[in-house]
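Visitor: final_30.txt (compact mmCIF, C-alpha atoms and all ligand atoms) pasted underneath:
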# COMPACT_ATOMS: atom_id res chain seq x y z
CA MET A 201 11.65 19.32 4.04
CA THR A 202 13.30 18.71 0.66
CA SER A 203 11.70 18.85 -2.78
CA SER A 204 11.47 15.05 -2.85
CA ASP A 205 9.68 14.75 0.51
CA PHE A 206 6.11 13.42 0.47
CA ARG A 207 3.56 16.11 1.29
CA PRO A 208 0.06 15.33 2.54
CA ALA A 209 -2.61 15.15 -0.16
CA VAL A 210 -6.07 13.73 -0.75
CA LEU A 211 -6.45 11.71 -3.97
CA ASP A 212 -9.95 11.43 -5.43
CA LEU A 213 -10.75 8.21 -7.33
CA GLY A 214 -14.43 9.05 -7.68
CA ASP A 215 -15.85 6.17 -5.64
CA ALA A 216 -12.97 6.30 -3.17
CA LEU A 217 -10.91 8.96 -1.44
CA LEU A 218 -7.29 8.31 -0.50
CA ARG A 219 -6.60 10.23 2.68
CA PRO A 220 -3.45 10.45 4.81
CA TRP A 221 -3.55 8.15 7.82
CA GLY A 222 -3.56 10.32 10.92
CA ARG A 223 -5.36 11.42 14.04
CA THR A 224 -7.81 13.56 12.08
CA LEU A 225 -8.90 10.72 9.79
CA ASP A 226 -11.83 9.94 12.09
CA LEU A 227 -13.11 6.79 10.35
CA PRO A 228 -16.70 5.73 11.14
CA GLY A 229 -16.58 3.59 14.28
CA GLY A 230 -13.10 4.89 15.09
CA THR A 231 -9.80 4.74 13.28
CA VAL A 232 -8.08 2.54 15.86
CA PRO A 233 -10.83 -0.14 15.88
CA ALA A 234 -10.83 -0.11 12.06
CA LEU A 235 -7.09 -0.76 12.02
CA VAL A 236 -7.37 -3.56 14.58
CA ALA A 237 -10.11 -5.18 12.48
CA ALA A 238 -7.96 -4.92 9.35
CA ALA A 239 -5.01 -6.53 11.10
CA ALA A 240 -7.25 -9.46 12.10
CA ASP A 241 -8.19 -10.30 8.50
CA PRO A 242 -6.55 -13.64 7.65
CA GLN A 243 -5.26 -12.57 4.20
CA ILE A 244 -3.79 -9.33 5.52
CA ALA A 245 -2.30 -11.22 8.47
CA ARG A 246 -0.82 -13.79 6.08
CA TRP A 247 0.59 -11.58 3.34
CA ASN A 248 0.92 -8.12 4.84
CA PRO A 249 0.99 -8.45 8.64
CA LEU A 250 0.11 -5.15 10.30
CA ARG A 251 1.59 -4.36 13.65
CA ALA A 252 -1.85 -3.23 14.78
CA THR A 253 -3.33 -6.29 16.45
CA ASP A 254 -4.53 -4.41 19.54
CA PRO A 255 -5.46 -0.77 20.27
CA ALA A 256 -2.02 0.10 21.65
CA GLU A 257 -0.29 -1.29 18.55
CA ALA A 258 -2.80 0.45 16.29
CA GLU A 259 -2.10 3.77 18.03
CA ALA A 260 1.63 3.21 17.44
CA TYR A 261 0.93 2.32 13.79
CA LEU A 262 -0.96 5.60 13.39
CA ASP A 263 1.85 7.49 15.07
CA ARG A 264 4.35 6.02 12.60
CA CYS A 265 2.14 7.14 9.70
CA VAL A 266 1.87 10.64 11.15
CA THR A 267 5.63 10.82 11.64
CA GLY A 268 6.23 9.62 8.08
CA TRP A 269 4.01 12.39 6.72
CA ALA A 270 5.53 15.02 9.02
CA LYS A 271 9.07 14.10 7.96
CA GLY A 272 8.13 13.48 4.33
CA THR A 273 9.70 10.02 4.44
CA ALA A 274 6.55 7.91 4.05
CA ALA A 275 3.16 8.51 2.48
CA ALA A 276 0.50 6.20 3.91
CA PHE A 277 -3.00 6.66 2.52
CA ALA A 278 -6.18 5.16 3.91
CA ILE A 279 -8.50 4.18 1.06
CA THR A 280 -11.95 5.31 2.15
CA ASP A 281 -15.36 4.95 0.57
CA ALA A 282 -16.37 8.27 -1.00
CA ALA A 283 -20.00 7.86 0.05
CA ASP A 284 -19.82 6.78 3.68
CA GLY A 285 -16.18 7.34 4.63
CA SER A 286 -15.64 3.73 5.66
CA LEU A 287 -12.20 2.16 5.48
CA GLN A 288 -11.51 0.11 2.34
CA GLY A 289 -7.75 -0.38 2.50
CA ASN A 290 -4.32 1.17 2.41
CA VAL A 291 -1.65 2.18 -0.10
CA ALA A 292 1.69 3.50 1.08
CA LEU A 293 4.97 4.71 -0.33
CA LEU A 294 8.19 4.63 1.67
CA TRP A 295 11.51 6.09 0.63
CA THR A 296 14.18 3.40 0.81
CA ASN A 297 16.91 5.51 -0.83
CA GLN A 298 15.64 9.04 -1.17
CA ALA A 299 18.92 10.40 -2.53
CA GLU A 300 18.68 7.94 -5.44
CA GLY A 301 14.92 8.36 -5.91
CA VAL A 302 14.05 4.80 -4.85
CA ALA A 303 10.88 4.03 -2.89
CA LEU A 304 8.79 1.00 -1.97
CA VAL A 305 5.03 0.64 -2.46
CA GLY A 306 2.69 -1.56 -0.43
CA TYR A 307 -1.07 -2.09 -0.17
CA TRP A 308 -3.86 -4.07 1.43
CA LEU A 309 -7.61 -4.08 1.09
CA LEU A 310 -10.36 -5.24 3.42
CA PRO A 311 -12.13 -8.37 2.10
CA THR A 312 -15.31 -6.49 1.10
CA ALA A 313 -13.28 -4.12 -1.11
CA ARG A 314 -11.44 -6.83 -3.07
CA GLY A 315 -12.10 -8.13 -6.55
CA ARG A 316 -13.25 -4.92 -8.21
CA GLY A 317 -9.96 -3.39 -9.31
CA LEU A 318 -9.64 -1.00 -6.37
CA ALA A 319 -6.10 -2.05 -5.43
CA THR A 320 -5.01 -1.53 -9.02
CA ARG A 321 -6.62 1.90 -9.29
CA ALA A 322 -5.42 3.11 -5.88
CA THR A 323 -1.84 1.89 -6.41
CA THR A 324 -1.72 3.43 -9.87
CA ALA A 325 -2.97 6.77 -8.50
CA VAL A 326 -0.48 6.83 -5.63
CA THR A 327 2.36 5.85 -7.98
CA GLN A 328 1.52 8.70 -10.35
CA TRP A 329 1.13 11.15 -7.47
CA GLY A 330 4.57 10.17 -6.15
CA VAL A 331 6.20 10.57 -9.55
CA ASP A 332 4.52 13.94 -10.08
CA THR A 333 5.07 15.46 -6.64
CA ALA A 334 8.05 13.74 -5.02
CA ALA A 335 10.29 12.98 -7.98
CA LEU A 336 10.23 9.21 -7.58
CA ARG A 337 12.62 7.61 -10.06
CA ARG A 338 12.13 3.91 -9.28
CA ILE A 339 9.35 2.34 -7.20
CA GLU A 340 9.79 -1.24 -6.02
CA LEU A 341 7.07 -3.68 -5.03
CA TRP A 342 7.89 -6.85 -3.14
CA HIS A 343 5.40 -9.65 -2.49
CA ALA A 344 5.64 -13.21 -1.20
CA VAL A 345 5.97 -15.65 -4.11
CA GLY A 346 2.68 -17.34 -3.19
CA ASN A 347 0.68 -14.11 -3.25
CA THR A 348 -0.88 -14.47 -6.69
CA ALA A 349 -3.32 -11.61 -6.20
CA SER A 350 -0.53 -9.16 -5.38
CA CYS A 351 1.50 -10.38 -8.37
CA ARG A 352 -1.46 -9.56 -10.63
CA VAL A 353 -1.92 -6.14 -9.04
CA ALA A 354 1.77 -5.40 -9.66
CA ASP A 355 1.49 -6.38 -13.33
CA ARG A 356 -1.76 -4.45 -13.76
CA CYS A 357 -0.17 -1.32 -12.25
CA GLY A 358 2.77 -1.42 -14.66
CA TYR A 359 5.33 -2.90 -12.27
CA PRO A 360 6.94 -5.70 -14.30
CA TYR A 361 8.53 -8.71 -12.59
CA GLU A 362 12.31 -8.31 -12.25
CA GLY A 363 13.32 -11.40 -10.32
CA THR A 364 12.95 -13.51 -7.22
CA LEU A 365 14.55 -12.49 -3.94
CA ARG A 366 15.56 -15.60 -2.01
CA ALA A 367 14.59 -15.82 1.68
CA SER A 368 14.26 -12.05 1.71
CA HIS A 369 11.55 -11.39 4.26
CA ARG A 370 10.27 -12.87 7.50
CA TYR A 371 6.48 -12.50 7.46
CA HIS A 372 5.88 -14.82 10.41
CA GLY A 373 7.97 -16.51 13.04
CA ASP A 374 11.42 -17.65 12.07
CA THR A 375 10.73 -18.58 8.45
CA TYR A 376 12.17 -16.45 5.67
CA THR A 377 10.06 -16.30 2.52
CA ASP A 378 11.10 -15.81 -1.10
CA GLU A 379 9.63 -12.73 -2.71
CA HIS A 380 9.06 -11.42 -6.21
CA LEU A 381 10.60 -8.06 -6.98
CA HIS A 382 8.56 -5.88 -9.33
CA ALA A 383 9.47 -2.30 -10.13
CA ARG A 384 8.27 0.69 -12.08
CA LEU A 385 10.46 3.49 -13.42
CA ALA A 386 9.17 7.03 -13.71
CA THR A 387 10.23 6.84 -17.36
CA ASP A 388 8.13 3.73 -18.10
CA PRO A 389 5.36 4.39 -20.65
CA PRO A 390 2.02 5.35 -19.12
CA LEU A 391 -0.58 2.63 -18.77
CA ASN A 392 -3.53 2.68 -21.16
C1 LIG D 1 -3.73 -8.20 -3.07
C2 LIG D 1 -4.99 -7.36 -2.94
C3 LIG D 1 -4.62 -5.96 -2.50
C4 LIG D 1 -5.68 -7.31 -4.32
O1 LIG D 1 -6.77 -6.40 -4.24
P1 LIG D 1 -7.94 -6.37 -5.33
O2 LIG D 1 -8.58 -5.01 -5.29
O3 LIG D 1 -8.82 -7.53 -5.14
O4 LIG D 1 -7.18 -6.50 -6.67
P2 LIG D 1 -7.77 -6.07 -8.08
O5 LIG D 1 -9.28 -6.19 -8.05
O6 LIG D 1 -7.17 -4.74 -8.44
O7 LIG D 1 -7.25 -7.22 -9.03
C5 LIG D 1 -6.04 -7.14 -9.70
C6 LIG D 1 -5.77 -8.48 -10.31
O8 LIG D 1 -5.57 -9.47 -9.27
C7 LIG D 1 -6.41 -10.59 -9.50
N1 LIG D 1 -6.76 -11.16 -8.21
C8 LIG D 1 -7.41 -10.53 -7.20
N2 LIG D 1 -7.55 -11.40 -6.18
C9 LIG D 1 -7.00 -12.57 -6.58
C10 LIG D 1 -6.84 -13.84 -5.96
N3 LIG D 1 -7.27 -14.06 -4.71
N4 LIG D 1 -6.19 -14.80 -6.66
C11 LIG D 1 -5.74 -14.58 -7.91
N5 LIG D 1 -5.86 -13.39 -8.54
C12 LIG D 1 -6.49 -12.40 -7.88
C13 LIG D 1 -7.58 -10.00 -10.24
O9 LIG D 1 -8.28 -10.99 -10.96
C14 LIG D 1 -6.89 -9.03 -11.16
O10 LIG D 1 -6.24 -9.75 -12.19
P3 LIG D 1 -6.78 -9.72 -13.69
O11 LIG D 1 -6.44 -8.36 -14.16
O12 LIG D 1 -5.98 -10.78 -14.36
O13 LIG D 1 -8.22 -9.99 -13.64
C15 LIG D 1 -5.98 -7.96 -1.90
O14 LIG D 1 -6.28 -9.28 -2.30
C16 LIG D 1 -5.44 -7.96 -0.49
O15 LIG D 1 -5.57 -6.97 0.23
N6 LIG D 1 -4.83 -9.09 -0.06
C17 LIG D 1 -4.31 -9.21 1.32
C18 LIG D 1 -3.12 -8.28 1.61
C19 LIG D 1 -2.04 -8.38 0.55
O16 LIG D 1 -1.78 -9.41 -0.02
N7 LIG D 1 -1.37 -7.24 0.31
C20 LIG D 1 -0.27 -7.18 -0.62
C21 LIG D 1 1.02 -7.56 0.06
S1 LIG D 1 2.39 -7.52 -1.08
Would you mind writing the structure in this file as C-alpha cells?

Guide:
Amino acid sequence: MTSSDFRPAVLDLGDALLRPWGRTLDLPGGTVPALVAAAADPQIARWNPLRATDPAEAEAYLDRCVTGWAKGTAAAFAITDAADGSLQGNVALLWTNQAEGVALVGYWLLPTARGRGLATRATTAVTQWGVDTAALRRIELWHAVGNTASCRVADRCGYPYEGTLRASHRYHGDTYTDEHLHARLATDPPLN
C-alpha cells in the first residue's frame, strides 16, 4: 500500500450510506441479484453498461471491486438507503495514473433513486473523500455526448467541461461514441 492508495471507508450522507462493494455488503435480497437487476436497467445498460448481466458476471464484478479495494487501485462504493439498506446506485473512483494523481470517476443510480440529487451528492462526497484521503490531484469524468443527465451531474459536482473526445469509447457493439471530458482539480474552489 502507498499513501495514495484507496482505503475502505463508509461515507454517511444522512439518507444514504456509501459502502464498499464486497462480499460482506449483504444487500437485502442478495448482492448478486441486486447487481444483475441494476445491469438490466435500460438507462444503465445504455450509458454505463455493467458486466453483470448474469450471476456469474455479477460475482466477477464483485471480485473486481474487492480486488480494487485490496490493492488500493479502485474505490467502488454501493450507494445504499440508510433506512432499509437497499441498493440505490454506485459511485467509483479508479486510478488511471496514480503516479501523477489522476483518477476517473463513474456513477449510476437505479431508476427509483434518480431525480432527487443523489448522484450529485454521492459523487461530490466521494470526490472530496478521494482528495482528502488519497491525494487525488485531477479527477476526470467521461460521459457519452448524448447523456444529458450525466453532463448535468458533472457540472453540478464541479467538474467543468473540458472538451469532446472523438470516438473514444465503445459502449455497445462495434460503434465508437464521442464523449465529453469533464474534470475537477483538487485545487478547484469548493462548491457552495
Ligand atoms: C446520470 C444519473 C446518475 C443522474 O442521477 P440523478 O440522481 O437523477 O441526478 P441528480 O438528481 O443529481 O441531477 C443532477 C442534474 O441532472 C439533471 N437530470 C437528471 N436526470 C436527467 C435527465 N434524464 N435528463 C436531463 N437532465 C437530467 C437534473 O435535473 C439535475 O440538473 P439541474 O441541476 O439542472 O436540475 C442517472 O440518471 C443514471 O444513473 N443514469 C443511467 C446511468 C448513467 O448514465 N451513468 C453515468 C454514465 S457517465

Visitor: Produce as a PyMOL selection string the set of residues near ligand LIG 1 (chain D), where near means within 10 Å with only C-alpha atoms and all ligand atoms considered.

Guide: chain A and resi 238-239+241-250+288-291+305-324+341-357+379-380

Visitor: Neighbours of Glu300 (chain A) within 12 Å (all atoms listed in the file; same-chain residues fewer than 4 positions away dropped), as a VMD selection string?

Guide: chain A and resid 204 295 to 296 335 to 339

Visitor: Limited to C-alpha atoms, could you put the picked residues into a file as a PDB file, in the frame of the given file?

Guide:
ATOM      1  CA  SER A 204      11.470  15.050  -2.850  1.00  0.00           C
ATOM      2  CA  TRP A 295      11.510   6.090   0.630  1.00  0.00           C
ATOM      3  CA  THR A 296      14.180   3.400   0.810  1.00  0.00           C
ATOM      4  CA  ALA A 335      10.290  12.980  -7.980  1.00  0.00           C
ATOM      5  CA  LEU A 336      10.230   9.210  -7.580  1.00  0.00           C
ATOM      6  CA  ARG A 337      12.620   7.610 -10.060  1.00  0.00           C
ATOM      7  CA  ARG A 338      12.130   3.910  -9.280  1.00  0.00           C
ATOM      8  CA  ILE A 339       9.350   2.340  -7.200  1.00  0.00           C
TER       9      ILE A 339
END

Visitor: Just want the 9 Å neighbourhood of Thr253 (chain A), counted on all atoms listed in the file, with same-chain residues fewer than 2 positions away dropped. Output as a list in words.

Guide: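 Result of the neighbour search: Leu235, Val236, Ala237, Ala238, Ala239, Ala240, Leu250, Arg251, Pro255, Ala256, Glu257 and Ala258 of chain A.
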
Visitor: Measuring atom to atom with all atoms listed in the file, identify which of A:Arg264, A:Ala282, A:Leu225, A:Ala275 is nearest to Trp329 (chain A).

Guide: A:Ala275

Visitor: For Pro220 (chain A), work out the shell of residues within 9 Å, counting all atoms listed in the file and skipping chain neighbours fewer than 2 positions away, then give it as a ChimeraX atom specification.

Guide: /A:208-210,218,222,225,265-266,269,275-279

Visitor: Can you find the residues with an atom no farther than 7 Å from (12.6, 16.2, -1.4), counting only C-alpha atoms, and report them as a PyMOL selection string?

Guide: chain A and resi 201-205+334

Visitor: So which residues touch Leu381 (chain A) within 9 Å, counting only C-alpha atoms, skipping near sequence neighbours fewer than 4 positions away, as JSON, numbers by chain?

Guide: {"A": [340, 341, 342, 343, 360, 361, 362, 363, 364, 365]}

Visitor: Can you measure CA of Gln298 (chain A) to CA of Asp263 (chain A) for me? One decimal in Å is fine.

Guide: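 These two atoms are separated by 21.4 Å.
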
Visitor: Quick one: pull the distance between CA of Ala274 (chain A) and CA of Thr377 (chain A), Å, one decimal.

Guide: 24.5 Å

Visitor: Restricting the calculation to only C-alpha atoms, which member of A:Ala325, A:Leu262, A:Leu385, A:Val232 is positioned closest to Leu213 (chain A)?

Guide: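 Using only C-alpha atoms, Leu213 (chain A) sits closest to A:Ala325.
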
Visitor: Quote the spacing between CA of Pro233 (chain A) and CA of Ser286 (chain A) in Å to one decimal place.

Guide: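 A separation of 11.9 Å between them.
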
Visitor: Quick one: axis-aligned box around all listed atoms of region 288-294 of chain A, 4 Å on every side, centre and edge lengths in Å to one decimal, written as AutoDock Vina command-line options.

Guide:
--center_x -1.7 --center_y 2.2 --center_z 1.1 --size_x 27.7 --size_y 13.1 --size_z 10.8

Visitor: Select, from A:Ala252, A:Gly272, A:Glu259, A:Ala283, the residue with the minimum atom-to-atom distance to Asp215 (chain A), counting only C-alpha atoms.

Guide: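 Closest candidate: A:Ala283.
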